[in-house]
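This is start_31.tsv. It holds TSV, C-alpha atoms.
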```tsv
chain	number	residue	atom	x	y	z
A	735	MET	CA	107.84	122.72	122.78
A	736	SER	CA	105.18	125.16	121.63
A	737	THR	CA	102.48	124.67	119.03
A	738	MET	CA	104.54	127.10	117.03
A	739	GLN	CA	106.97	124.31	116.44
A	740	ILE	CA	104.46	121.67	115.42
A	741	ASP	CA	103.33	124.23	112.83
A	742	ARG	CA	106.89	124.58	111.61
A	743	LEU	CA	107.23	120.83	111.31
A	744	LEU	CA	103.93	120.48	109.47
A	745	ASP	CA	104.91	123.31	107.12
A	746	THR	CA	108.02	121.34	106.22
A	747	VAL	CA	105.95	118.22	105.56
A	748	VAL	CA	103.56	120.13	103.29
A	749	LYS	CA	106.33	122.03	101.46
A	750	THR	CA	108.53	119.01	100.79
A	751	GLY	CA	105.56	116.79	99.93
A	752	ALA	CA	106.61	114.22	102.54
A	753	SER	CA	104.19	111.37	103.15
A	754	ASP	CA	104.75	111.05	106.91
A	755	LEU	CA	106.22	112.81	109.94
A	756	HIS	CA	107.67	110.64	112.73
A	757	LEU	CA	108.10	112.08	116.21
A	758	THR	CA	109.72	109.98	118.91
A	759	VAL	CA	112.01	110.41	121.92
A	760	GLY	CA	115.77	110.30	121.24
A	761	ARG	CA	115.61	111.33	117.61
A	762	PRO	CA	115.00	114.59	115.76
A	763	PRO	CA	111.67	114.89	113.92
A	764	THR	CA	111.92	112.67	110.84
A	765	ILE	CA	110.01	112.79	107.55
A	766	ARG	CA	109.37	110.04	105.03
A	767	LEU	CA	110.10	111.40	101.57
A	768	HIS	CA	109.79	109.29	98.38
A	769	GLY	CA	109.81	106.17	100.54
A	770	GLY	CA	112.97	106.96	102.61
A	771	LEU	CA	113.36	108.46	106.11
A	772	ARG	CA	115.17	111.79	106.62
A	773	ASN	CA	115.93	113.60	109.87
A	774	LEU	CA	114.97	117.26	110.01
A	775	GLN	CA	117.73	119.60	111.14
A	776	THR	CA	116.26	120.34	114.56
A	777	LYS	CA	116.91	119.21	118.13
A	778	VAL	CA	116.57	115.63	119.32
A	779	LEU	CA	113.18	115.25	121.00
A	780	ASP	CA	112.90	114.44	124.72
A	781	SER	CA	109.95	113.22	126.83
A	782	ASP	CA	108.69	116.73	127.61
A	783	ASP	CA	108.79	117.75	123.93
A	784	MET	CA	106.68	114.72	123.07
A	785	VAL	CA	104.05	115.44	125.74
A	786	GLY	CA	103.85	119.05	124.53
A	787	LEU	CA	103.54	118.05	120.89
A	788	MET	CA	100.90	115.46	121.70
A	789	LYS	CA	98.81	117.94	123.71
A	790	SER	CA	99.01	120.58	120.99
A	791	ILE	CA	97.24	118.42	118.40
A	792	THR	CA	95.33	115.65	120.21
A	793	PRO	CA	91.61	116.15	120.95
A	794	GLU	CA	90.47	115.61	124.57
A	795	ARG	CA	88.62	112.39	123.71
A	796	ASN	CA	91.76	110.92	122.14
A	797	GLN	CA	93.99	111.99	125.03
A	798	GLN	CA	91.71	109.96	127.25
A	799	GLU	CA	91.92	106.96	124.90
A	800	LEU	CA	95.72	107.26	124.92
A	801	GLN	CA	95.62	107.09	128.74
A	802	GLU	CA	93.31	104.08	128.79
A	803	GLU	CA	94.35	102.07	125.74
A	804	GLY	CA	97.95	103.18	125.21
A	805	GLY	CA	97.19	104.50	121.73
A	806	THR	CA	94.76	106.55	119.67
A	807	ASP	CA	94.13	107.60	116.05
A	808	PHE	CA	92.44	110.68	114.67
A	809	GLY	CA	92.40	112.93	111.64
A	810	PHE	CA	92.98	116.66	111.72
A	811	ALA	CA	93.04	119.50	109.24
A	812	TYR	CA	96.11	121.73	109.13
A	813	GLY	CA	94.45	124.93	107.96
A	814	ASP	CA	93.70	124.70	104.25
A	815	ALA	CA	97.15	123.31	103.53
A	816	ALA	CA	96.58	119.64	104.29
A	817	ARG	CA	94.93	116.98	106.38
A	818	PHE	CA	96.76	114.49	108.53
A	819	ARG	CA	95.93	111.06	109.84
A	820	VAL	CA	97.56	110.85	113.24
A	821	SER	CA	98.56	107.86	115.34
A	822	VAL	CA	99.68	108.63	118.91
A	823	PHE	CA	100.97	105.72	121.00
A	824	ARG	CA	103.06	104.88	124.02
A	825	GLN	CA	106.41	103.13	123.67
A	826	ARG	CA	108.88	102.46	126.49
A	827	GLY	CA	106.72	104.65	128.69
A	828	ASP	CA	107.06	107.64	126.39
A	829	ILE	CA	104.83	109.02	123.66
A	830	ALA	CA	105.45	108.61	119.92
A	831	ILE	CA	103.47	110.22	117.10
A	832	VAL	CA	103.20	109.43	113.41
A	833	LEU	CA	101.39	111.85	111.12
A	834	ARG	CA	100.45	110.75	107.60
A	835	GLN	CA	99.77	113.54	105.15
A	836	ILE	CA	96.53	113.16	103.24
A	837	PRO	CA	96.66	115.18	100.04
A	838	ASN	CA	93.58	117.36	99.76
A	839	ARG	CA	93.68	117.44	95.99
A	840	LEU	CA	91.96	114.41	94.55
A	841	LEU	CA	93.93	112.84	91.72
A	842	THR	CA	92.52	111.75	88.37
A	843	PHE	CA	92.53	108.25	86.87
A	844	ASP	CA	95.38	109.17	84.54
A	845	GLU	CA	97.50	110.70	87.27
A	846	ILE	CA	97.51	107.54	89.35
A	847	GLY	CA	97.50	105.22	86.33
A	848	LEU	CA	94.32	103.33	87.20
A	849	PRO	CA	93.23	100.86	84.50
A	850	ASP	CA	90.68	102.52	82.16
A	851	MET	CA	88.32	99.61	82.58
A	852	CYS	CA	87.70	100.84	86.16
A	853	LYS	CA	85.57	103.66	84.75
A	854	ASP	CA	83.20	101.18	83.11
A	855	LEU	CA	83.00	99.01	86.20
A	856	ILE	CA	82.15	101.84	88.59
A	857	ARG	CA	79.22	102.85	86.41
A	858	ARG	CA	77.59	99.53	87.24
A	859	PRO	CA	74.52	99.64	89.47
A	860	ARG	CA	75.61	96.78	91.72
A	861	GLY	CA	78.46	94.54	92.73
A	862	LEU	CA	81.50	94.32	94.95
A	863	PHE	CA	84.66	96.14	93.86
A	864	LEU	CA	87.66	95.38	96.07
A	865	VAL	CA	90.86	97.40	96.33
A	866	THR	CA	93.59	95.52	98.13
A	867	GLY	CA	97.26	95.86	99.05
A	868	PRO	CA	99.58	96.37	102.01
A	869	THR	CA	99.25	99.40	104.32
A	870	GLY	CA	100.48	102.54	102.60
A	871	SER	CA	100.07	101.16	99.09
A	872	GLY	CA	97.67	103.92	98.06
A	873	LYS	CA	94.37	102.03	98.38
A	874	THR	CA	92.71	105.06	99.98
A	875	THR	CA	93.87	107.29	97.13
A	876	SER	CA	92.61	104.91	94.42
A	877	LEU	CA	89.24	104.61	96.14
A	878	ALA	CA	88.99	108.38	96.61
A	879	THR	CA	89.63	108.80	92.88
A	880	MET	CA	86.90	106.31	92.00
A	881	ILE	CA	84.41	107.83	94.46
A	882	ASP	CA	85.23	111.28	93.04
A	883	TYR	CA	84.57	109.98	89.51
A	884	VAL	CA	81.13	108.72	90.55
A	885	ASN	CA	80.52	111.99	92.39
A	886	MET	CA	81.39	114.06	89.31
A	887	TYR	CA	79.62	112.13	86.58
A	888	LEU	CA	76.72	110.19	88.14
A	889	ASP	CA	73.84	111.13	90.39
A	890	ARG	CA	74.22	108.71	93.28
A	891	HIS	CA	73.88	108.69	97.04
A	892	ILE	CA	77.33	107.65	98.27
A	893	VAL	CA	77.75	106.55	101.89
A	894	THR	CA	81.29	105.92	103.11
A	895	MET	CA	82.44	104.38	106.39
A	896	GLU	CA	86.06	105.13	107.15
A	897	ASP	CA	88.51	104.88	110.04
A	898	PRO	CA	89.50	107.69	110.07
A	899	ILE	CA	88.10	109.80	107.19
A	900	GLU	CA	91.03	110.75	104.98
A	901	TYR	CA	89.93	112.50	101.80
A	902	TYR	CA	87.00	114.88	102.21
A	903	HIS	CA	84.46	114.65	99.40
A	904	TYR	CA	82.14	117.54	98.62
A	905	HIS	CA	78.74	117.03	97.01
A	906	LYS	CA	79.02	117.37	93.24
A	907	LYS	CA	76.53	115.52	91.06
A	908	SER	CA	76.14	112.95	93.83
A	909	ILE	CA	75.41	113.29	97.54
A	910	VAL	CA	78.32	112.07	99.67
A	911	ASN	CA	77.86	111.23	103.35
A	912	GLN	CA	81.04	110.15	105.12
A	913	ARG	CA	80.81	108.39	108.48
A	914	GLU	CA	83.86	108.10	110.70
A	915	VAL	CA	84.09	104.88	112.69
A	916	GLY	CA	84.66	105.68	116.36
A	917	ASN	CA	83.26	109.16	115.91
A	918	ASP	CA	79.99	108.98	113.96
A	919	VAL	CA	79.34	105.26	114.37
A	920	PRO	CA	80.85	102.57	116.65
A	921	SER	CA	81.92	99.98	114.03
A	922	PHE	CA	82.08	99.10	110.35
A	923	ALA	CA	79.48	96.35	110.81
A	924	GLU	CA	77.06	98.75	112.52
A	925	ALA	CA	77.65	101.44	109.87
A	926	LEU	CA	76.90	98.92	107.12
A	927	ARG	CA	73.75	97.67	108.80
A	928	ARG	CA	72.47	101.25	109.05
A	929	ALA	CA	73.62	102.22	105.56
A	930	LEU	CA	71.12	99.92	103.90
A	931	ARG	CA	68.30	102.05	105.34
A	932	GLN	CA	69.83	105.25	104.02
A	933	ASP	CA	68.83	104.73	100.37
A	934	PRO	CA	72.45	104.43	99.18
A	935	ASP	CA	73.55	103.68	95.62
A	936	VAL	CA	77.24	103.40	96.41
A	937	ILE	CA	78.76	102.23	99.70
A	938	LEU	CA	82.44	102.42	100.63
A	939	VAL	CA	83.54	100.10	103.45
A	940	GLY	CA	86.93	101.30	104.67
A	941	GLU	CA	88.02	97.92	105.98
A	942	MET	CA	86.49	94.48	105.63
A	943	ARG	CA	88.26	93.00	108.60
A	944	ASP	CA	85.75	90.70	110.26
A	945	LEU	CA	83.18	88.10	109.30
A	946	GLU	CA	80.21	90.33	110.10
A	947	THR	CA	81.49	93.17	107.91
A	948	ILE	CA	82.38	90.87	105.00
A	949	GLU	CA	78.94	89.23	105.15
A	950	ALA	CA	77.14	92.57	105.25
A	951	ALA	CA	79.21	93.95	102.35
A	952	VAL	CA	78.52	90.92	100.15
A	953	ARG	CA	74.83	91.10	100.99
A	954	ALA	CA	74.71	94.80	100.15
A	955	ALA	CA	76.36	94.10	96.78
A	956	GLU	CA	73.83	91.34	96.07
A	957	THR	CA	70.84	93.54	96.87
A	958	GLY	CA	71.64	96.15	94.23
A	959	HIS	CA	74.34	98.44	95.60
A	960	LEU	CA	77.80	99.18	94.29
A	961	VAL	CA	80.08	98.36	97.22
A	962	PHE	CA	83.74	99.34	97.42
A	963	GLY	CA	85.80	97.54	100.05
A	964	THR	CA	89.45	97.22	101.06
A	965	LEU	CA	91.56	94.33	102.36
A	966	HIS	CA	95.25	94.09	103.20
A	967	THR	CA	95.94	91.26	100.76
A	968	THR	CA	98.33	91.18	97.81
A	969	GLY	CA	97.01	89.72	94.57
A	970	ALA	CA	93.52	88.92	93.37
A	971	ALA	CA	93.48	85.16	93.98
A	972	LYS	CA	94.78	85.58	97.54
A	973	THR	CA	92.04	88.12	98.24
A	974	ILE	CA	89.32	85.64	97.32
A	975	ASP	CA	90.90	82.96	99.52
A	976	ARG	CA	91.18	85.39	102.40
A	977	LEU	CA	87.47	86.29	102.16
A	978	VAL	CA	86.39	82.66	102.03
A	979	ASP	CA	88.72	81.69	104.91
A	980	ALA	CA	87.07	84.29	107.15
A	981	PHE	CA	84.00	82.02	107.24
A	982	PRO	CA	83.46	78.78	109.18
A	983	VAL	CA	84.08	75.73	106.99
A	984	ASN	CA	80.38	74.86	106.71
A	985	GLN	CA	79.62	78.29	105.21
A	986	GLN	CA	82.51	78.43	102.78
A	987	ASN	CA	80.72	76.92	99.78
A	988	GLN	CA	77.86	79.34	100.26
A	989	ILE	CA	80.18	82.39	100.36
A	990	ARG	CA	82.01	81.17	97.22
A	991	VAL	CA	78.70	81.08	95.37
A	992	GLN	CA	77.80	84.56	96.67
A	993	LEU	CA	81.21	86.01	95.76
A	994	SER	CA	81.06	84.50	92.28
A	995	THR	CA	77.92	86.54	91.56
A	996	ALA	CA	78.59	89.65	93.69
A	997	LEU	CA	82.24	90.38	92.81
A	998	ILE	CA	82.88	92.58	89.80
A	999	SER	CA	86.57	93.37	90.18
A	1000	ILE	CA	89.65	93.19	92.38
A	1001	LEU	CA	92.32	95.85	92.05
A	1002	SER	CA	95.43	94.92	94.00
A	1003	GLN	CA	98.19	97.47	94.30
A	1004	VAL	CA	101.67	98.21	95.64
A	1005	LEU	CA	103.46	101.56	95.80
A	1006	LEU	CA	106.97	101.77	94.33
A	1007	THR	CA	109.76	104.33	94.52
A	1008	ARG	CA	110.56	105.77	91.10
A	1009	ILE	CA	114.11	106.13	89.81
A	1010	ASP	CA	113.38	108.14	86.64
A	1011	THR	CA	111.84	111.07	88.52
A	1012	LYS	CA	111.17	111.82	92.16
A	1013	GLY	CA	108.09	110.29	93.69
A	1014	MET	CA	106.19	107.05	93.65
A	1015	VAL	CA	104.33	104.98	91.07
A	1016	ALA	CA	101.66	102.34	91.71
A	1017	GLY	CA	101.92	98.79	90.42
A	1018	TYR	CA	98.56	97.12	89.79
A	1019	GLU	CA	97.08	93.67	89.51
A	1020	PHE	CA	93.65	93.94	87.97
A	1021	LEU	CA	91.05	91.18	87.85
A	1022	VAL	CA	87.68	91.61	86.15
A	1023	ILE	CA	85.17	88.89	87.04
A	1024	THR	CA	84.11	87.21	83.80
A	1025	PRO	CA	81.70	84.24	83.73
A	1026	ALA	CA	84.70	81.90	83.44
A	1027	ILE	CA	86.36	83.42	86.51
A	1028	ALA	CA	83.05	83.36	88.41
A	1029	ASN	CA	83.03	79.59	87.77
A	1030	LEU	CA	86.54	79.22	89.17
A	1031	ILE	CA	85.54	81.09	92.34
A	1032	ARG	CA	82.43	78.97	92.76
A	1033	ASP	CA	84.32	75.72	92.18
A	1034	ASN	CA	87.09	76.60	94.64
A	1035	LYS	CA	89.74	76.81	91.91
A	1036	SER	CA	91.19	80.22	92.75
A	1037	PHE	CA	94.69	78.84	92.03
A	1038	ARG	CA	93.79	78.99	88.32
A	1039	ILE	CA	92.85	82.67	88.42
A	1040	ASP	CA	96.34	83.99	87.69
A	1041	SER	CA	96.53	82.21	84.34
A	1042	MET	CA	93.06	83.54	83.48
A	1043	ILE	CA	94.24	87.08	84.22
A	1044	GLN	CA	97.07	86.57	81.73
A	1045	THR	CA	94.62	85.64	78.99
A	1046	GLY	CA	92.18	88.40	79.97
A	1047	LYS	CA	94.17	91.32	78.59
A	1048	ARG	CA	91.30	92.47	76.40
A	1049	TYR	CA	89.35	93.25	79.57
A	1050	GLY	CA	92.30	95.30	80.76
A	1051	MET	CA	93.32	92.55	83.18
A	1052	GLN	CA	96.92	92.29	84.26
A	1053	LEU	CA	99.06	90.40	86.74
A	1054	LEU	CA	101.04	92.41	89.27
A	1055	ASP	CA	104.38	90.95	88.16
A	1056	ASP	CA	103.68	91.78	84.50
A	1057	HIS	CA	102.92	95.39	85.42
A	1058	LEU	CA	106.05	95.61	87.59
A	1059	TRP	CA	108.12	94.21	84.72
A	1060	SER	CA	106.75	96.85	82.35
A	1061	LEU	CA	107.58	99.62	84.87
A	1062	TYR	CA	111.09	98.16	85.24
A	1063	SER	CA	111.64	97.81	81.46
A	1064	ARG	CA	110.60	101.44	81.00
A	1065	GLY	CA	113.28	102.47	83.48
A	1066	MET	CA	110.78	103.74	86.05
A	1067	ILE	CA	111.68	101.46	88.95
A	1068	ALA	CA	114.87	99.69	90.06
A	1069	ALA	CA	115.31	95.93	89.83
A	1070	GLU	CA	115.58	95.67	93.66
A	1071	GLU	CA	112.28	97.48	94.11
A	1072	MET	CA	110.58	95.17	91.59
A	1073	ILE	CA	111.94	92.05	93.32
A	1074	ASP	CA	110.89	93.36	96.76
A	1075	LYS	CA	107.30	94.07	95.77
A	1076	CYS	CA	106.55	91.25	93.32
A	1077	LYS	CA	104.65	88.02	93.97
A	1078	ASN	CA	107.06	85.60	92.31
A	1079	GLN	CA	110.67	86.53	93.02
A	1080	ALA	CA	112.29	83.49	91.38
A	1081	ASP	CA	110.61	84.05	88.01
A	1082	LEU	CA	111.46	87.73	87.83
A	1083	THR	CA	115.04	87.16	89.00
A	1084	THR	CA	115.53	84.71	86.13
A	1085	LYS	CA	113.92	87.17	83.74
A	1086	ILE	CA	116.24	90.01	84.82
A	1087	HIS	CA	119.33	87.83	84.39
A	1088	ALA	CA	118.10	86.56	81.03
A	1089	ALA	CA	117.75	90.17	79.88
A	1090	GLY	CA	121.35	90.80	80.97
A	1091	GLY	CA	120.41	92.86	84.02
A	1092	THR	CA	121.54	92.60	87.63
A	1093	ILE	CA	119.59	93.17	90.81
A	1094	GLY	CA	122.38	94.83	92.72
A	1095	ARG	CA	122.22	92.30	95.54
A	1096	PRO	CA	125.12	89.85	95.65
A	1097	GLU	CA	123.02	86.94	96.91
A	1098	LEU	CA	120.55	87.25	94.02
A	1099	ASP	CA	123.15	87.96	91.33
A	1100	LEU	CA	125.54	85.10	92.20
A	1101	VAL	CA	124.47	83.01	89.21
A	1102	ASP	CA	125.97	85.57	86.83
A	1103	GLU	CA	129.44	85.32	88.30
A	1104	HIS	CA	129.67	81.60	87.76
A	1105	GLY	CA	128.46	81.99	84.22
A	1106	ASP	CA	125.53	79.71	84.96
A	1107	GLU	CA	123.07	81.67	82.87
```
Rewrite the structure from the file as structure tokens, please.
Amino acid sequence: MSTMQIDRLLDTVVKTGASDLHLTVGRPPTIRLHGGLRNLQTKVLDSDDMVGLMKSITPERNQQELQEEGGTDFGFAYGDAARFRVSVFRQRGDIAIVLRQIPNRLLTFDEIGLPDMCKDLIRRPRGLFLVTGPTGSGKTTSLATMIDYVNMYLDRHIVTMEDPIEYYHYHKKSIVNQREVGNDVPSFAEALRRALRQDPDVILVGEMRDLETIEAAVRAAETGHLVFGTLHTTGAAKTIDRLVDAFPVNQQNQIRVQLSTALISILSQVLLTRIDTKGMVAGYEFLVITPAIANLIRDNKSFRIDSMIQTGKRYGMQLLDDHLWSLYSRGMIAAEEMIDKCKNQADLTTKIHAAGGTIGRPELDLVDEHGDE
């Protein structure tokens, strides 16, 4: 298969606005569009096709890593049309490739529906702002929007550490230096250690996945930097627990105290398929750290955070399930989608039935048939 054909496939991805392109042996090229998979009308790929496709896009260094490690990731630009994040890996002795399209147009706050309060928070000179959610929930996009806002309106030195770099930022009012882990710097922890000597105002840590990185990020936030970080957790309270649990037991009280002063906000998000129009919409849980919530974090009472979010509406706070319910009531998402992505399925199921709705899944709608509700 020639490079000509990878170009044709990528053209299709860009034109249709697909989020991903899946290439694997025994199936035609497949795109993910509005959350669902669709085969493209071309031939079923065989082993030779896959080797050809891989070689046409994979840099030498990554081909070597594929040989040694069985997998590799990299980003590449497809002309001016788009950028892709690529994962190449071996499966059953063959090669498979997944390309994720990274839009090159940065979105605005309104377009992605970020809470307005975010704008106030990211003007702060210091603190830790976490964006969390499962893979593919749009964390990168939300962060890129916030970084772009700082870049446009404030004069800051922004240092990002990403794996790989997805959105490219150009210097506007701020200076933006983006370091790619594995390419520009060996690890997140190393990038963070170095960043503190680079006179940064704003630091973006692509993933806070180990103790060393979490510690360094919290320390950076304490010493007068605005630090953005991501974790793969759902919900604000869970995120705090996850951070604390990364530490040995004898350090957990100390990190709770540090988090209670360093944290300014946790934005937790999921991506949902829309039913009113084509496309996706984000559902958010938004926690702003008030003195009362800082006390809960310090006193190891994160289980009480959810009820504080409910009473914190004047700060723009909201629980994920409340936001999902409002998207569902406005006819933007289906009941099934809401139930799949929510935190408390039982509560929302009851709420749907009470409102006279059904979920469209026999096992969840049984109660209605017996006239129980």
Is there a way to get, as a compact mmCIF listing (two decimals) with C-alpha atoms, in the coordinates of the input, all residues within 9 Å of the point (106.5, 92.3, 93.9) in file coordinates, counting only C-alpha atoms?
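File result.txt, as written:
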```txt
# COMPACT_ATOMS: atom_id res chain seq x y z
CA VAL A 1004 101.67 98.21 95.64
CA GLY A 1017 101.92 98.79 90.42
CA LEU A 1054 101.04 92.41 89.27
CA ASP A 1055 104.38 90.95 88.16
CA LEU A 1058 106.05 95.61 87.59
CA GLU A 1071 112.28 97.48 94.11
CA MET A 1072 110.58 95.17 91.59
CA ILE A 1073 111.94 92.05 93.32
CA ASP A 1074 110.89 93.36 96.76
CA LYS A 1075 107.30 94.07 95.77
CA CYS A 1076 106.55 91.25 93.32
CA LYS A 1077 104.65 88.02 93.97
CA ASN A 1078 107.06 85.60 92.31
CA GLN A 1079 110.67 86.53 93.02
```
>> Quick one: residues within 12 Å of Phe981 (chain A), only C-alpha atoms, excluding same-chain residues fewer than 4 positions away - as number ranges by chain?
In response: A: 943-949, 974-977, 985-990
>> Would you pick out the contacts of Phe808 (chain A) at 7 Å or less, using only C-alpha atoms, so that residues sharing its chain but fewer than 5 positions from it are not included, and give the list as JSON, numbers by chain?
In response: {"A": [819, 820, 821, 898]}
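For the set A:Ala980, A:Leu930, A:Leu743, A:Ile1023, the residue with the smallest atom-to-atom gap to Thr894 (chain A) is A:Leu930, counting only C-alpha atoms.
Here CA of Arg1048 (chain A) and CA of Val865 (chain A) stand 20.5 Å from one another.
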> Distance CA of Tyr901 (chain A)-CA of Ile836 (chain A), one decimal place?
Replying inline: 6.8 Å
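Coordinates place CA of Ile909 (chain A) at a distance of 17.5 Å from CA of Arg860 (chain A).
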>> For region 1039-1043 of chain A, find every residue with an atom within 10 Å (counting all atoms listed in the file), except residues of its own chain fewer than 2 positions away, and show them as an MDAnalysis selection string.
In response: chainID A and resid 969:972 1019:1024 1026:1028 1030:1031 1035:1037 1045:1054
